[in-house]
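> Got a file for you: my_file_16.pdb, PDB, C-alpha atoms.
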```
ATOM      1  CA  MET A  22     -12.499  10.701  14.780
ATOM      2  CA  ARG A  23      -9.698  10.020  17.206
ATOM      3  CA  PRO A  24      -7.281   7.373  15.908
ATOM      4  CA  LYS A  25      -6.911   3.969  17.453
ATOM      5  CA  GLN A  26      -3.933   3.648  19.773
ATOM      6  CA  ASN A  27      -0.822   3.816  17.605
ATOM      7  CA  SER A  28       2.437   5.415  18.708
ATOM      8  CA  ASP A  29       3.284   6.208  15.081
ATOM      9  CA  TRP A  30       0.186   8.407  14.876
ATOM     10  CA  THR A  31       1.310  10.986  17.424
ATOM     11  CA  LEU A  32       2.803  14.349  16.525
ATOM     12  CA  ASP A  33       6.261  15.699  17.243
ATOM     13  CA  LEU A  34       5.496  19.389  17.728
ATOM     14  CA  ALA A  35       9.177  20.245  17.335
ATOM     15  CA  THR A  36       9.123  19.386  13.614
ATOM     16  CA  SER A  37       7.011  20.434  10.633
ATOM     17  CA  ILE A  38       3.356  19.604  11.297
ATOM     18  CA  THR A  39       1.806  19.381   7.815
ATOM     19  CA  PRO A  40       3.929  16.418   6.590
ATOM     20  CA  GLN A  41       3.195  14.563   9.838
ATOM     21  CA  ILE A  42      -0.560  15.167   9.620
ATOM     22  CA  THR A  43      -0.525  14.114   5.963
ATOM     23  CA  ARG A  44       1.330  10.878   6.748
ATOM     24  CA  ILE A  45      -0.852  10.038   9.729
ATOM     25  CA  LEU A  46      -4.117  10.633   7.899
ATOM     26  CA  ARG A  47      -2.849   8.701   4.880
ATOM     27  CA  GLU A  48      -1.943   5.726   7.062
ATOM     28  CA  ARG A  49      -5.264   5.904   8.923
ATOM     29  CA  ILE A  50      -7.117   5.809   5.600
ATOM     30  CA  ILE A  51      -5.004   3.015   4.136
ATOM     31  CA  GLN A  52      -5.335   0.938   7.314
ATOM     32  CA  ASN A  53      -9.104   1.606   7.415
ATOM     33  CA  ASP A  54      -9.027   3.421  10.736
ATOM     34  CA  LEU A  55     -10.767   6.087   8.652
ATOM     35  CA  LYS A  56     -13.085   4.074   6.429
ATOM     36  CA  PRO A  57     -14.369   4.746   2.911
ATOM     37  CA  GLY A  58     -17.350   7.053   3.129
ATOM     38  CA  ASP A  59     -16.378   8.525   6.512
ATOM     39  CA  GLN A  60     -16.795  12.276   6.774
ATOM     40  CA  ILE A  61     -13.793  13.930   8.383
ATOM     41  CA  SER A  62     -13.781  17.356   9.953
ATOM     42  CA  GLU A  63     -10.944  19.826   9.627
ATOM     43  CA  SER A  64     -11.826  21.444  12.939
ATOM     44  CA  GLU A  65     -12.234  18.151  14.822
ATOM     45  CA  LEU A  66      -8.926  16.787  13.562
ATOM     46  CA  ALA A  67      -7.182  20.035  14.469
ATOM     47  CA  ARG A  68      -8.614  19.790  17.979
ATOM     48  CA  ASP A  69      -7.754  16.090  18.327
ATOM     49  CA  TYR A  70      -4.128  16.708  17.337
ATOM     50  CA  GLY A  71      -3.808  20.005  19.169
ATOM     51  CA  VAL A  72      -2.868  22.036  16.087
ATOM     52  CA  SER A  73      -4.349  24.867  14.044
ATOM     53  CA  ARG A  74      -6.659  24.098  11.125
ATOM     54  CA  GLN A  75      -4.098  25.213   8.509
ATOM     55  CA  PRO A  76      -1.885  22.082   8.489
ATOM     56  CA  VAL A  77      -4.990  19.866   8.444
ATOM     57  CA  ARG A  78      -6.357  21.846   5.488
ATOM     58  CA  GLU A  79      -3.037  21.462   3.660
ATOM     59  CA  ALA A  80      -3.017  17.721   4.420
ATOM     60  CA  PHE A  81      -6.529  17.385   2.973
ATOM     61  CA  ILE A  82      -5.333  18.985  -0.272
ATOM     62  CA  LYS A  83      -2.390  16.581  -0.540
ATOM     63  CA  LEU A  84      -4.609  13.585   0.209
ATOM     64  CA  ALA A  85      -7.142  14.760  -2.367
ATOM     65  CA  ASP A  86      -4.331  14.736  -4.952
ATOM     66  CA  GLN A  87      -3.809  11.063  -4.043
ATOM     67  CA  GLU A  88      -7.575  10.446  -4.376
ATOM     68  CA  LEU A  89      -7.826   9.361  -0.750
ATOM     69  CA  VAL A  90     -10.262  12.115   0.216
ATOM     70  CA  GLU A  91     -12.790  14.226  -1.653
ATOM     71  CA  ILE A  92     -13.074  17.850  -0.586
ATOM     72  CA  ARG A  93     -16.671  18.999  -1.012
ATOM     73  CA  PRO A  94     -16.990  22.796  -0.669
ATOM     74  CA  GLN A  95     -19.565  23.778   1.936
ATOM     75  CA  ARG A  96     -20.248  20.077   2.616
ATOM     76  CA  GLY A  97     -17.073  18.786   4.230
ATOM     77  CA  THR A  98     -14.413  16.254   3.338
ATOM     78  CA  VAL A  99     -15.098  12.556   2.799
ATOM     79  CA  VAL A 100     -12.785   9.538   2.654
ATOM     80  CA  THR A 101     -13.090   8.204  -0.886
ATOM     81  CA  ARG A 102     -14.247   4.740  -1.701
ATOM     82  CA  ILE A 103     -11.695   2.393  -3.222
ATOM     83  CA  GLY A 104     -11.760   2.669  -7.008
ATOM     84  CA  TYR A 105     -11.884  -0.719  -8.713
ATOM     85  CA  PHE A 106     -10.006   0.441 -11.792
ATOM     86  CA  ALA A 107      -7.579   2.466  -9.661
ATOM     87  CA  VAL A 108      -6.546  -0.777  -7.932
ATOM     88  CA  LEU A 109      -5.980  -2.526 -11.269
ATOM     89  CA  ASP A 110      -4.010   0.408 -12.686
ATOM     90  CA  ALA A 111      -1.847   0.702  -9.560
ATOM     91  CA  ARG A 112      -1.040  -2.992  -9.606
ATOM     92  CA  PHE A 113      -0.148  -2.820 -13.320
ATOM     93  CA  LEU A 114       2.180   0.152 -12.890
ATOM     94  CA  ARG A 115       3.779  -1.240  -9.739
ATOM     95  CA  GLU A 116       4.512  -4.534 -11.462
ATOM     96  CA  ALA A 117       6.161  -2.767 -14.397
ATOM     97  CA  ILE A 118       8.409  -0.724 -12.102
ATOM     98  CA  GLU A 119       9.362  -3.502  -9.686
ATOM     99  CA  ALA A 120      10.037  -5.959 -12.512
ATOM    100  CA  ASP A 121      12.719  -3.571 -13.773
ATOM    101  CA  ILE A 122      14.028  -3.122 -10.226
ATOM    102  CA  VAL A 123      14.669  -6.850  -9.722
ATOM    103  CA  LYS A 124      16.130  -7.038 -13.229
ATOM    104  CA  ILE A 125      18.732  -4.462 -12.176
ATOM    105  CA  LEU A 126      19.475  -6.355  -8.962
ATOM    106  CA  ALA A 127      19.713  -9.774 -10.631
ATOM    107  CA  THR A 128      22.036  -8.430 -13.308
ATOM    108  CA  ALA A 129      24.687  -7.739 -10.659
ATOM    109  CA  PRO A 130      23.816  -9.633  -7.436
ATOM    110  CA  ASP A 131      25.110  -8.099  -4.213
ATOM    111  CA  ALA A 132      25.879 -10.544  -1.404
ATOM    112  CA  GLY A 133      25.301  -7.966   1.332
ATOM    113  CA  LEU A 134      21.877  -7.081  -0.042
ATOM    114  CA  VAL A 135      20.923 -10.738  -0.361
ATOM    115  CA  ALA A 136      21.941 -11.369   3.261
ATOM    116  CA  ASP A 137      19.882  -8.370   4.412
ATOM    117  CA  LEU A 138      16.823  -9.525   2.460
ATOM    118  CA  ARG A 139      17.101 -13.059   3.846
ATOM    119  CA  GLU A 140      17.176 -11.627   7.374
ATOM    120  CA  GLN A 141      14.108  -9.563   6.592
ATOM    121  CA  ILE A 142      12.290 -12.660   5.379
ATOM    122  CA  ASP A 143      13.234 -14.461   8.609
ATOM    123  CA  SER A 144      11.662 -11.550  10.514
ATOM    124  CA  GLN A 145       8.535 -11.858   8.362
ATOM    125  CA  ALA A 146       8.325 -15.569   9.132
ATOM    126  CA  ALA A 147       8.733 -14.882  12.860
ATOM    127  CA  VAL A 148       5.728 -12.555  12.757
ATOM    128  CA  GLY A 149       3.738 -14.854  10.486
ATOM    129  CA  ASN A 150      -0.031 -14.788  10.873
ATOM    130  CA  ASP A 151       0.145 -13.635  14.505
ATOM    131  CA  ASP A 152       0.293  -9.946  13.608
ATOM    132  CA  PRO A 153      -0.828  -9.207  10.017
ATOM    133  CA  THR A 154      -0.335  -5.460  10.462
ATOM    134  CA  ALA A 155       3.295  -5.979  11.516
ATOM    135  CA  PHE A 156       3.763  -8.269   8.526
ATOM    136  CA  MET A 157       2.430  -5.576   6.210
ATOM    137  CA  GLN A 158       5.019  -3.149   7.579
ATOM    138  CA  LEU A 159       7.791  -5.702   7.035
ATOM    139  CA  ASP A 160       6.492  -6.352   3.530
ATOM    140  CA  GLU A 161       6.676  -2.620   2.802
ATOM    141  CA  LYS A 162      10.263  -2.532   4.091
ATOM    142  CA  PHE A 163      11.192  -5.495   1.861
ATOM    143  CA  HIS A 164       9.966  -3.851  -1.336
ATOM    144  CA  ARG A 165      11.437  -0.481  -0.364
ATOM    145  CA  THR A 166      14.812  -2.158   0.216
ATOM    146  CA  LEU A 167      14.714  -3.643  -3.288
ATOM    147  CA  ALA A 168      14.017  -0.239  -4.819
ATOM    148  CA  HIS A 169      16.699   1.601  -2.852
ATOM    149  CA  ALA A 170      19.290  -1.099  -3.578
ATOM    150  CA  ALA A 171      18.617  -0.695  -7.293
ATOM    151  CA  GLY A 172      19.165   3.051  -7.005
ATOM    152  CA  LYS A 173      15.470   3.720  -7.603
ATOM    153  CA  ALA A 174      14.477   5.535  -4.429
ATOM    154  CA  GLY A 175      12.721   8.161  -6.539
ATOM    155  CA  ALA A 176      10.743   5.509  -8.374
ATOM    156  CA  TRP A 177       9.725   4.016  -5.014
ATOM    157  CA  LYS A 178       8.301   7.376  -3.954
ATOM    158  CA  GLN A 179       6.215   7.313  -7.114
ATOM    159  CA  ILE A 180       5.051   3.783  -6.315
ATOM    160  CA  GLU A 181       4.051   4.829  -2.794
ATOM    161  CA  GLY A 182       1.719   7.426  -4.224
ATOM    162  CA  LEU A 183       0.307   5.076  -6.840
ATOM    163  CA  LYS A 184      -0.343   2.095  -4.629
ATOM    164  CA  SER A 185      -2.487   3.744  -1.958
ATOM    165  CA  GLN A 186      -5.689   2.169  -3.286
ATOM    166  CA  MET A 187      -3.980  -1.199  -3.638
ATOM    167  CA  ASP A 188      -2.778  -1.008  -0.032
ATOM    168  CA  ARG A 189      -6.296  -0.214   1.180
ATOM    169  CA  VAL A 190      -7.463  -3.469  -0.396
ATOM    170  CA  ARG A 191      -4.643  -5.384   1.265
ATOM    171  CA  TYR A 192      -5.561  -4.046   4.702
ATOM    172  CA  LEU A 193      -9.190  -5.016   4.125
ATOM    173  CA  SER A 194      -7.985  -8.588   3.596
ATOM    174  CA  LEU A 195      -5.842  -8.755   6.761
ATOM    175  CA  GLY A 196      -7.986 -11.434   8.358
ATOM    176  CA  GLU A 197      -7.587 -13.660   5.306
ATOM    177  CA  ILE A 198      -4.067 -12.767   4.202
ATOM    178  CA  ARG A 199      -1.976 -15.808   3.231
ATOM    179  CA  VAL A 200       1.231 -14.756   4.935
ATOM    180  CA  ASP A 201       3.058 -18.047   4.370
ATOM    181  CA  ASN A 202       2.381 -17.815   0.648
ATOM    182  CA  LEU A 203       3.662 -14.247   0.479
ATOM    183  CA  ILE A 204       6.827 -15.169   2.391
ATOM    184  CA  THR A 205       7.454 -18.045  -0.018
ATOM    185  CA  GLN A 206       7.129 -15.606  -2.905
ATOM    186  CA  HIS A 207       9.556 -13.189  -1.246
ATOM    187  CA  ARG A 208      12.082 -15.996  -0.858
ATOM    188  CA  ALA A 209      11.720 -16.883  -4.533
ATOM    189  CA  VAL A 210      12.453 -13.291  -5.561
ATOM    190  CA  VAL A 211      15.553 -13.096  -3.362
ATOM    191  CA  GLU A 212      16.967 -16.456  -4.386
ATOM    192  CA  GLN A 213      16.561 -15.707  -8.096
ATOM    193  CA  VAL A 214      18.252 -12.341  -7.590
ATOM    194  CA  ALA A 215      21.058 -14.098  -5.684
ATOM    195  CA  ALA A 216      21.443 -16.584  -8.541
ATOM    196  CA  GLY A 217      21.644 -13.778 -11.076
ATOM    197  CA  ASP A 218      18.711 -15.252 -12.993
ATOM    198  CA  VAL A 219      17.091 -12.167 -14.510
ATOM    199  CA  ILE A 220      14.225 -14.017 -16.207
ATOM    200  CA  ALA A 221      13.287 -16.065 -13.141
ATOM    201  CA  ALA A 222      13.546 -13.033 -10.830
ATOM    202  CA  ASN A 223      11.261 -11.119 -13.191
ATOM    203  CA  ALA A 224       8.720 -13.939 -13.155
ATOM    204  CA  ALA A 225       8.884 -14.246  -9.357
ATOM    205  CA  ILE A 226       8.165 -10.576  -8.663
ATOM    206  CA  ARG A 227       5.344 -10.487 -11.220
ATOM    207  CA  LEU A 228       3.717 -13.544  -9.671
ATOM    208  CA  HIS A 229       4.005 -11.974  -6.221
ATOM    209  CA  LEU A 230       2.499  -8.633  -7.222
ATOM    210  CA  ARG A 231      -0.437 -10.313  -8.945
ATOM    211  CA  GLU A 232      -1.470 -11.999  -5.710
ATOM    212  CA  VAL A 233      -3.855  -9.148  -4.894
ATOM    213  CA  LEU A 234      -5.801  -9.895  -8.079
ATOM    214  CA  ASN A 235      -6.505 -13.433  -6.887
ATOM    215  CA  ASP A 236      -8.145 -12.099  -3.726
ATOM    216  CA  LEU A 237      -9.857  -9.016  -5.168
ATOM    217  CA  PRO A 238     -13.264 -10.535  -6.100
ATOM    218  CA  GLN A 239     -13.663 -12.106  -2.648
ATOM    219  CA  ILE A 240     -12.576  -8.906  -0.876
ATOM    220  CA  ILE A 241     -15.074  -6.855  -2.878
ATOM    221  CA  GLN A 242     -17.856  -9.333  -2.173
ATOM    222  CA  GLY A 243     -17.333  -8.956   1.559
ATOM    223  CA  ASN A 244     -16.865  -5.164   1.515
ATOM    224  CA  GLN A 245     -18.928  -3.809  -1.363
ATOM    225  CA  GLN A 246     -19.859  -0.655   0.576
ATOM    226  CA  PHE A 247     -16.192   0.388   0.584
ATOM    227  CA  PHE A 248     -15.692   0.205  -3.194
ATOM    228  CA  ASP A 249     -16.479   2.456  -6.127
ATOM    229  CA  LEU A 250     -17.511  -0.201  -8.634
ATOM    230  CA  PRO A 251     -18.332   0.160 -12.328
ATOM    231  CA  ASP A 252     -21.975   0.171 -13.359
ATOM    232  CA  GLY A 253     -23.367  -3.101 -14.648
ATOM    233  CA  ASP A 254     -21.327  -6.280 -14.731
ATOM    234  CA  MET A 255     -17.926  -5.824 -13.154
ATOM    235  CA  PRO A 256     -15.108  -6.825 -15.520
ATOM    236  CA  PRO A 257     -12.766  -9.410 -14.040
ATOM    237  CA  PRO A 258      -9.230  -8.388 -13.095
ATOM    238  CA  VAL A 259      -6.851  -8.883 -15.999
ATOM    239  CA  ASN A 260      -4.208 -11.353 -14.922
ATOM    240  CA  ALA A 261      -2.328 -12.356 -18.041
ATOM    241  CA  PRO A 262      -0.133 -15.463 -17.854
ATOM    242  CA  ILE A 263       3.537 -14.906 -17.194
ATOM    243  CA  GLN A 264       5.504 -16.318 -20.088
ATOM    244  CA  GLY A 265       9.148 -16.826 -19.338
ATOM    245  CA  GLY A 266       8.951 -13.982 -16.842
ATOM    246  CA  ASN A 267       9.453 -11.400 -19.570
ATOM    247  CA  ASN A 268       6.019 -10.154 -20.583
ATOM    248  CA  ALA A 269       6.454  -6.485 -19.740
TER
END
```
The structure given in the file should be rewritten as structure tokens.


Amino acid sequence: MRPKQNSDWTLDLATSITPQITRILRERIIQNDLKPGDQISESELARDYGVSRQPVREAFIKLADQELVEIRPQRGTVVTRIGYFAVLDARFLREAIEADIVKILATAPDAGLVADLREQIDSQAAVGNDDPTAFMQLDEKFHRTLAHAAGKAGAWKQIEGLKSQMDRVRYLSLGEIRVDNLITQHRAVVEQVAAGDVIAANAAIRLHLREVLNDLPQIIQGNQQFFDLPDGDMPPPVNAPIQGGNNA
């Protein structure tokens, strides 16, 4: 149950433990260091991290609220499988929120923000396909920057909670991720924001956030044991056409 080597997954005993344990376990689940179906032990984790069982127990409760673990009384705690419909719902809600975020930014373009985002994209391109995990972290920073620049830091916190299942899918696809395509889509978002083109910026972010739907059937096919799938024939992901970039 010990995590893979990751300096971000160590504890600072001088600060509050429960938030750190919660973050670390959440990241381990999202990055599939703790895989769907894995049973995790409160006592083992407490021993591994050198803490009491209380902060681990509190972390389990928070993660259960995010549907990342299932607490089974008298039977232990299990990492949940990835819910098919949860992925679709998270993508739908994230698109709605981020479409409004880029609308705000494109309505009044900020040159300093645009310069920052272009630098971030250059950093993404430098990483490229060599380190997909590093790219994912840069991708997260890019979208967080958009939200904070629009004055929607609170909305971004809501997105972070909603998109956990979506992020688990993305990490499952790391070996096949089309980084160049994603970078091109990021550039399109930034340049339309810079141009003050609200409709085109809206269309660009929607196209980008629907990318996961294109890969979802293939990811499920290669990792069916990690998914909670509907009984019978699985309905295809709904990926409605973007018409003029304003189909909210």

> Go through range 119-205 of chain A residue by residue and, counting all atoms listed in the file, keep those with an atom at most 12 Å from range 55-68 of chain A; for each kept residue give the shortest atom pair and its distance in Å to one decimal, ordered by chain and increasing number, as JSON lines.


```
{"residue": "A:Gln186", "atom": "CA", "partner": "A:Pro57", "partner_atom": "CA", "distance": 11.0}
{"residue": "A:Arg189", "atom": "CA", "partner": "A:Lys56", "partner_atom": "CA", "distance": 9.6}
{"residue": "A:Val190", "atom": "CA", "partner": "A:Pro57", "partner_atom": "CA", "distance": 11.2}
{"residue": "A:Tyr192", "atom": "CA", "partner": "A:Lys56", "partner_atom": "CA", "distance": 11.2}
{"residue": "A:Leu193", "atom": "CA", "partner": "A:Lys56", "partner_atom": "CA", "distance": 10.2}
```

> I'd like the interatomic distance between CA of Phe113 in chain A and CA of Gln87 in chain A, to a tenth of an Å.

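Answer for the CA of Phe113 in chain A to CA of Gln87 in chain A separation: 17.1 Å.
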
> Is there a way to get, as a ChimeraX atom specification, all residues within 12 Å of the point (-7.3, 8.3, 6.4) in file coordinates, counting all atoms listed in the file?

/A:22-25,30,42-62,66,77,80-81,83-85,87-91,98-102,185-186,189

> Calculate how many Å separate CA of Leu228 in chain A from CA of Gly149 in chain A, rounding to one decimal.

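Interatomic distance here is 20.2 Å.
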
> How many Å lie between CA of Ala146 in chain A and CA of Ile204 in chain A, rounded to one decimal?

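Interatomic distance here is 6.9 Å.
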
> Which residues would end up in the selection if the PyMOL selection byres ((chain A and resi 167-181) around 12) were applied here, given that I need the answer as a tab-separated table (two decimals) with C-alpha atoms, in the frame of the given file?


```tsv
chain	number	residue	atom	x	y	z
A	44	ARG	CA	1.33	10.88	6.75
A	47	ARG	CA	-2.85	8.70	4.88
A	48	GLU	CA	-1.94	5.73	7.06
A	51	ILE	CA	-5.00	3.02	4.14
A	87	GLN	CA	-3.81	11.06	-4.04
A	110	ASP	CA	-4.01	0.41	-12.69
A	111	ALA	CA	-1.85	0.70	-9.56
A	112	ARG	CA	-1.04	-2.99	-9.61
A	113	PHE	CA	-0.15	-2.82	-13.32
A	114	LEU	CA	2.18	0.15	-12.89
A	115	ARG	CA	3.78	-1.24	-9.74
A	116	GLU	CA	4.51	-4.53	-11.46
A	117	ALA	CA	6.16	-2.77	-14.40
A	118	ILE	CA	8.41	-0.72	-12.10
A	119	GLU	CA	9.36	-3.50	-9.69
A	120	ALA	CA	10.04	-5.96	-12.51
A	121	ASP	CA	12.72	-3.57	-13.77
A	122	ILE	CA	14.03	-3.12	-10.23
A	123	VAL	CA	14.67	-6.85	-9.72
A	124	LYS	CA	16.13	-7.04	-13.23
A	125	ILE	CA	18.73	-4.46	-12.18
A	126	LEU	CA	19.48	-6.36	-8.96
A	127	ALA	CA	19.71	-9.77	-10.63
A	128	THR	CA	22.04	-8.43	-13.31
A	129	ALA	CA	24.69	-7.74	-10.66
A	130	PRO	CA	23.82	-9.63	-7.44
A	131	ASP	CA	25.11	-8.10	-4.21
A	132	ALA	CA	25.88	-10.54	-1.40
A	133	GLY	CA	25.30	-7.97	1.33
A	134	LEU	CA	21.88	-7.08	-0.04
A	135	VAL	CA	20.92	-10.74	-0.36
A	137	ASP	CA	19.88	-8.37	4.41
A	138	LEU	CA	16.82	-9.52	2.46
A	141	GLN	CA	14.11	-9.56	6.59
A	160	ASP	CA	6.49	-6.35	3.53
A	161	GLU	CA	6.68	-2.62	2.80
A	162	LYS	CA	10.26	-2.53	4.09
A	163	PHE	CA	11.19	-5.50	1.86
A	164	HIS	CA	9.97	-3.85	-1.34
A	165	ARG	CA	11.44	-0.48	-0.36
A	166	THR	CA	14.81	-2.16	0.22
A	182	GLY	CA	1.72	7.43	-4.22
A	183	LEU	CA	0.31	5.08	-6.84
A	184	LYS	CA	-0.34	2.10	-4.63
A	185	SER	CA	-2.49	3.74	-1.96
A	186	GLN	CA	-5.69	2.17	-3.29
A	187	MET	CA	-3.98	-1.20	-3.64
A	188	ASP	CA	-2.78	-1.01	-0.03
A	207	HIS	CA	9.56	-13.19	-1.25
A	210	VAL	CA	12.45	-13.29	-5.56
A	211	VAL	CA	15.55	-13.10	-3.36
A	214	VAL	CA	18.25	-12.34	-7.59
A	226	ILE	CA	8.16	-10.58	-8.66
```

> Go through A:Ala35, A:Val233, A:Ile92, A:Val108 and flag the residue nearest Phe248 in chain A, using all atoms listed in the file for the distances.

A:Val108

> Counting only C-alpha atoms, select every polymer residue within 12 Å of (-12.1, -9.8, -2.9) as defined in the file's coordinates, and provide the selection as an mmCIF file with C-alpha atoms, in the coordinates of the input.


```
data_model
loop_
_atom_site.group_PDB
_atom_site.id
_atom_site.type_symbol
_atom_site.label_atom_id
_atom_site.label_comp_id
_atom_site.auth_asym_id
_atom_site.auth_seq_id
_atom_site.Cartn_x
_atom_site.Cartn_y
_atom_site.Cartn_z
ATOM 1 C CA TYR A 105 -11.884 -0.719 -8.713
ATOM 2 C CA VAL A 108 -6.546 -0.777 -7.932
ATOM 3 C CA MET A 187 -3.980 -1.199 -3.638
ATOM 4 C CA ARG A 189 -6.296 -0.214 1.180
ATOM 5 C CA VAL A 190 -7.463 -3.469 -0.396
ATOM 6 C CA ARG A 191 -4.643 -5.384 1.265
ATOM 7 C CA TYR A 192 -5.561 -4.046 4.702
ATOM 8 C CA LEU A 193 -9.190 -5.016 4.125
ATOM 9 C CA SER A 194 -7.985 -8.588 3.596
ATOM 10 C CA LEU A 195 -5.842 -8.755 6.761
ATOM 11 C CA GLU A 197 -7.587 -13.660 5.306
ATOM 12 C CA ILE A 198 -4.067 -12.767 4.202
ATOM 13 C CA GLU A 232 -1.470 -11.999 -5.710
ATOM 14 C CA VAL A 233 -3.855 -9.148 -4.894
ATOM 15 C CA LEU A 234 -5.801 -9.895 -8.079
ATOM 16 C CA ASN A 235 -6.505 -13.433 -6.887
ATOM 17 C CA ASP A 236 -8.145 -12.099 -3.726
ATOM 18 C CA LEU A 237 -9.857 -9.016 -5.168
ATOM 19 C CA PRO A 238 -13.264 -10.535 -6.100
ATOM 20 C CA GLN A 239 -13.663 -12.106 -2.648
ATOM 21 C CA ILE A 240 -12.576 -8.906 -0.876
ATOM 22 C CA ILE A 241 -15.074 -6.855 -2.878
ATOM 23 C CA GLN A 242 -17.856 -9.333 -2.173
ATOM 24 C CA GLY A 243 -17.333 -8.956 1.559
ATOM 25 C CA ASN A 244 -16.865 -5.164 1.515
ATOM 26 C CA GLN A 245 -18.928 -3.809 -1.363
ATOM 27 C CA PHE A 247 -16.192 0.388 0.584
ATOM 28 C CA PHE A 248 -15.692 0.205 -3.194
ATOM 29 C CA PRO A 257 -12.766 -9.410 -14.040
ATOM 30 C CA PRO A 258 -9.230 -8.388 -13.095
#
```

> Nearest to Ser73 in chain A among A:Leu109, A:Ala209, A:Ile103, A:Leu34, with distances taken over only C-alpha atoms: which residue is it?

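Comparing A:Leu109, A:Ala209, A:Ile103, A:Leu34 against Ser73 in chain A, the winner is A:Leu34.
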
> Pick the closest to Arg199 in chain A from A:Gln246, A:Gln75, A:Asn150, A:Ser37: which is it, counting all atoms listed in the file?

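Smallest distance to Arg199 in chain A is found for A:Asn150.
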
> Put the listed atoms of range 134-152 of chain A in a box along x, y and z with 8 Å added on every side and give me the centre and edge lengths in Å to one decimal, as lines of an AutoDock Vina configuration file.


```
center_x = 11.0
center_y = -11.3
center_z = 7.1
size_x = 38.0
size_y = 24.5
size_z = 30.9
```

> Need the shell around Leu32 in chain A: protein/DNA/RNA residues with any atom at most 8 Å away, counting only C-alpha atoms. Skip same-chain ones fewer than 3 positions apart. Format as a ChimeraX atom specification?

/A:38,41-42,70

> Ranking A:Asp151, A:Gln213, A:Arg74, A:Gln206 by minimum distance to Leu230 in chain A and counting only C-alpha atoms, which one comes first?

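The closest residue to Leu230 in chain A is A:Gln206.
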
> So, counting only C-alpha atoms, which residue among A:Glu140, A:Ile82, A:Asp33, A:Val200 is closest to Met157 in chain A?

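That would be A:Val200, the residue with the smallest distance to Met157 in chain A.
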